[in-house]
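Q: My structure file start04.txt, compact mmCIF, C-alpha atoms, is below:
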# COMPACT_ATOMS: atom_id res chain seq x y z
CA MET D 82 -144.08 -116.13 -78.17
CA SER D 83 -142.71 -113.99 -80.99
CA THR D 84 -139.06 -113.36 -81.68
CA PRO D 85 -138.02 -109.86 -80.57
CA VAL D 86 -136.97 -107.49 -83.34
CA THR D 87 -133.62 -107.07 -81.60
CA ASP D 88 -132.79 -110.70 -82.50
CA SER D 89 -129.54 -110.59 -84.52
CA SER D 90 -131.07 -112.89 -87.15
CA ASN D 91 -133.86 -110.34 -87.66
CA ARG D 92 -131.95 -107.09 -88.14
CA LEU D 93 -134.48 -105.75 -90.67
CA GLY D 94 -137.60 -106.69 -88.69
CA TRP D 95 -138.15 -103.06 -87.71
CA LEU D 96 -138.94 -102.26 -91.37
CA LEU D 97 -142.06 -104.41 -91.14
CA GLU D 98 -143.51 -103.03 -87.92
CA ASP D 99 -145.51 -100.18 -89.51
CA LEU D 100 -147.19 -102.69 -91.81
CA SER D 101 -147.89 -105.11 -88.98
CA ASN D 102 -149.61 -102.27 -87.08
CA VAL D 103 -152.32 -101.96 -89.76
CA PRO D 104 -155.59 -103.22 -88.22
CA GLY D 105 -156.14 -106.86 -89.11
CA VAL D 106 -152.53 -107.64 -90.07
CA ARG D 107 -151.24 -110.60 -88.08
CA PHE D 108 -147.63 -110.36 -89.27
CA ALA D 109 -145.36 -109.62 -92.22
CA VAL D 110 -142.36 -111.53 -93.56
CA LEU D 111 -139.68 -110.32 -95.95
CA LEU D 112 -138.29 -113.24 -97.91
CA SER D 113 -136.02 -114.08 -100.80
CA ASP D 114 -137.56 -115.25 -104.06
CA ASP D 115 -136.28 -118.76 -103.30
CA GLY D 116 -138.08 -118.92 -99.94
CA LEU D 117 -135.52 -117.88 -97.31
CA ARG D 118 -136.66 -115.57 -94.51
CA ILE D 119 -134.89 -112.21 -94.56
CA ALA D 120 -136.87 -110.55 -91.75
CA HIS D 121 -140.17 -110.83 -89.90
CA SER D 122 -142.37 -108.57 -87.86
CA ASP D 123 -143.41 -109.06 -84.29
CA GLY D 124 -146.37 -111.41 -84.14
CA VAL D 125 -144.67 -114.44 -85.67
CA ASN D 126 -141.72 -116.39 -84.29
CA LYS D 127 -138.62 -117.13 -86.34
CA ASP D 128 -139.47 -120.79 -87.03
CA ASP D 129 -142.98 -119.96 -88.24
CA ALA D 130 -141.64 -117.05 -90.31
CA GLU D 131 -139.21 -119.45 -92.00
CA ARG D 132 -142.04 -121.91 -92.77
CA PHE D 133 -144.19 -119.05 -94.05
CA ALA D 134 -141.33 -117.85 -96.29
CA ALA D 135 -140.89 -121.28 -97.86
CA ALA D 136 -144.64 -121.68 -98.48
CA ALA D 137 -145.02 -118.11 -99.79
CA SER D 138 -142.23 -118.69 -102.29
CA GLY D 139 -144.02 -121.83 -103.48
CA LEU D 140 -147.30 -119.95 -103.83
CA ARG D 141 -145.51 -117.25 -105.82
CA SER D 142 -144.10 -119.91 -108.15
CA LEU D 143 -147.58 -121.31 -108.73
CA GLY D 144 -148.76 -117.81 -109.59
CA LYS D 145 -146.01 -117.51 -112.19
CA ALA D 146 -147.03 -120.85 -113.70
CA LEU D 147 -150.64 -119.64 -114.04
CA GLY D 148 -149.69 -116.28 -115.59
CA GLU D 149 -150.01 -117.52 -119.15
CA PHE D 150 -153.73 -118.10 -118.54
CA CYS D 151 -154.19 -114.37 -117.87
CA GLY D 152 -152.71 -113.05 -121.07
CA GLY D 153 -149.67 -114.96 -122.30
CA LEU D 154 -146.38 -116.62 -121.49
CA GLU D 155 -144.61 -113.37 -120.54
CA ASN D 156 -147.35 -112.31 -118.10
CA GLY D 157 -145.73 -111.40 -114.77
CA VAL D 158 -147.20 -111.81 -111.29
CA ARG D 159 -147.89 -108.53 -109.50
CA GLN D 160 -149.46 -109.84 -106.32
CA ASN D 161 -150.78 -113.13 -104.94
CA MET D 162 -153.88 -113.03 -102.77
CA THR D 163 -155.29 -116.20 -101.22
CA GLU D 164 -158.38 -116.11 -99.05
CA TYR D 165 -158.94 -118.60 -96.24
CA ASP D 166 -161.76 -119.03 -93.73
CA GLN D 167 -159.77 -117.11 -91.11
CA GLY D 168 -158.02 -114.46 -93.23
CA MET D 169 -155.86 -113.80 -96.25
CA ILE D 170 -152.26 -114.22 -97.37
CA LEU D 171 -150.88 -111.52 -99.66
CA ILE D 172 -147.51 -111.71 -101.42
CA THR D 173 -145.91 -109.00 -103.54
CA ALA D 174 -142.50 -108.32 -105.07
CA ALA D 175 -140.19 -106.20 -102.90
CA GLY D 176 -137.15 -105.57 -105.09
CA GLU D 177 -134.95 -107.79 -107.20
CA GLY D 178 -135.15 -111.29 -105.72
CA ALA D 179 -137.22 -110.30 -102.67
CA LEU D 180 -140.87 -110.76 -101.70
CA LEU D 181 -143.09 -109.36 -98.99
CA GLY D 182 -145.73 -111.65 -97.47
CA VAL D 183 -148.52 -110.67 -95.08
CA SER D 184 -151.05 -112.65 -93.06
CA THR D 185 -154.34 -110.95 -92.17
CA THR D 186 -157.54 -111.58 -90.26
CA PRO D 187 -160.88 -111.74 -92.13
CA GLU D 188 -161.85 -108.26 -90.88
CA THR D 189 -158.94 -106.36 -92.44
CA ASP D 190 -159.25 -103.73 -95.17
CA ILE D 191 -157.46 -105.57 -97.99
CA GLY D 192 -157.19 -102.42 -100.11
CA LEU D 193 -155.35 -100.63 -97.31
CA VAL D 194 -153.08 -103.61 -96.65
CA ALA D 195 -152.22 -103.96 -100.36
CA HIS D 196 -151.51 -100.22 -100.57
CA ARG D 197 -149.24 -100.30 -97.52
CA MET D 198 -147.48 -103.40 -98.85
CA ASN D 199 -146.74 -101.68 -102.14
CA GLU D 200 -145.42 -98.59 -100.34
CA LEU D 201 -143.18 -100.73 -98.15
CA ALA D 202 -142.06 -102.87 -101.11
CA GLY D 203 -140.88 -99.71 -102.85
CA ARG D 204 -138.83 -98.65 -99.84
CA VAL D 205 -137.48 -102.14 -99.16
CA GLY D 206 -136.73 -102.68 -102.84
CA HIS D 207 -134.40 -99.70 -102.88
CA GLU D 208 -132.57 -101.07 -99.83
CA LEU D 209 -132.41 -104.75 -100.79
CA GLY D 210 -132.78 -104.87 -104.54
CA ALA D 211 -129.50 -105.80 -106.13
CA GLN D 212 -129.10 -104.92 -109.77
CA PRO D 213 -128.51 -107.96 -111.96
CA ARG D 214 -124.91 -108.36 -113.03
CA GLY D 215 -124.19 -107.34 -116.59
CA ARG D 216 -121.85 -109.05 -119.02
CA VAL D 217 -118.80 -107.14 -120.23
CA GLU D 218 -115.84 -108.20 -122.27
CA GLY D 219 -113.62 -110.43 -120.17
CA GLY D 220 -116.13 -111.30 -117.44
CA LEU D 221 -118.91 -110.04 -115.24
CA THR D 222 -119.34 -106.58 -113.87
CA SER D 223 -121.37 -105.62 -110.81
Since I need it in another form, could you write the structure as structure tokens?
A:
Amino acid sequence: MSTPVTDSSNRLGWLLEDLSNVPGVRFAVLLSDDGLRIAHSDGVNKDDAERFAAAASGLRSLGKALGEFCGGLENGVRQNMTEYDQGMILITAAGEGALLGVSTTPETDIGLVAHRMNELAGRVGHELGAQPRGRVEGGLTS
């Protein structure tokens, strides 16, 4: 049974519903770069969304470690895509310190899912992305 989007610990779950309605998408999870669940769509319960967030963060870290083999040490990860027998996992940046992860079935149109993820990441990034603090004389500024 999935956690309802009215769950107080899932206040932003509604943002993910359009993406989870794409044919072949099982669910979507918004997570912090360090693996904490921020929100999840219908189709996955809170506990599984939290496990997915932790694993997706780890997969993203592995992608960063492999970046140097695709062009150099400063090569950034744009998107992770891992194919399994029963579907795919896609992970993309969604603002400063946030990631968007999606689970699909094997029959999904990956191009469409990736496009929708990037659209959503742009919208979510504006809402969640915090600008890094800058250094000024006498301390930090926000």
Q: Using all atoms listed in the file and a cutoff of 6 Å, can you tell me which residues are near (-138.4, -112.0, -93.1) in the file's coordinates, and write them out as a PyMOL selection string?
A: chain D and resi 110-112+118-121
Q: To one decimal place in Å, what is the distance between atom CA of D:Leu117 and atom CA of D:Glu188?
A: 28.8 Å
Q: Between D:Arg141, D:Arg92, D:Arg107, D:His196, which is the closest to D:Thr163 once you count all atoms listed in the file?
A: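 Looking only at the distances to D:Thr163, the closest residue turns out to be D:Arg141.
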Q: Give me the box for stretch 137-154 of chain D as lines of an AutoDock Vina configuration file, namely the centre and edge lengths in Å to one decimal of a box along x, y and z that holds every listed atom plus 5 Å on each side.
A:
center_x = -148.2
center_y = -117.4
center_z = -111.0
size_x = 22.0
size_y = 18.8
size_z = 32.5
Q: Taking all atoms listed in the file into account, name the residue in D:Asn156, D:Thr173, D:Asn102, D:Thr189 that is nearest to D:Ala137.
A: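 The closest residue to D:Ala137 is D:Thr173.
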Q: How many Å separate atom CA of D:Leu181 from atom CA of D:Glu131?
A: 12.9 Å
Q: Would you compute the distance between atom CA of D:Glu164 and atom CA of D:Ser184? Give it in Å to one decimal.
A: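 Atom CA of D:Ser184 lies 10.1 Å from atom CA of D:Glu164.
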Q: With all atoms listed in the file as the atoms that count, which of D:Met169, D:Leu147, D:Ala135, D:Leu201 lies nearest to D:Asp115?
A: D:Ala135
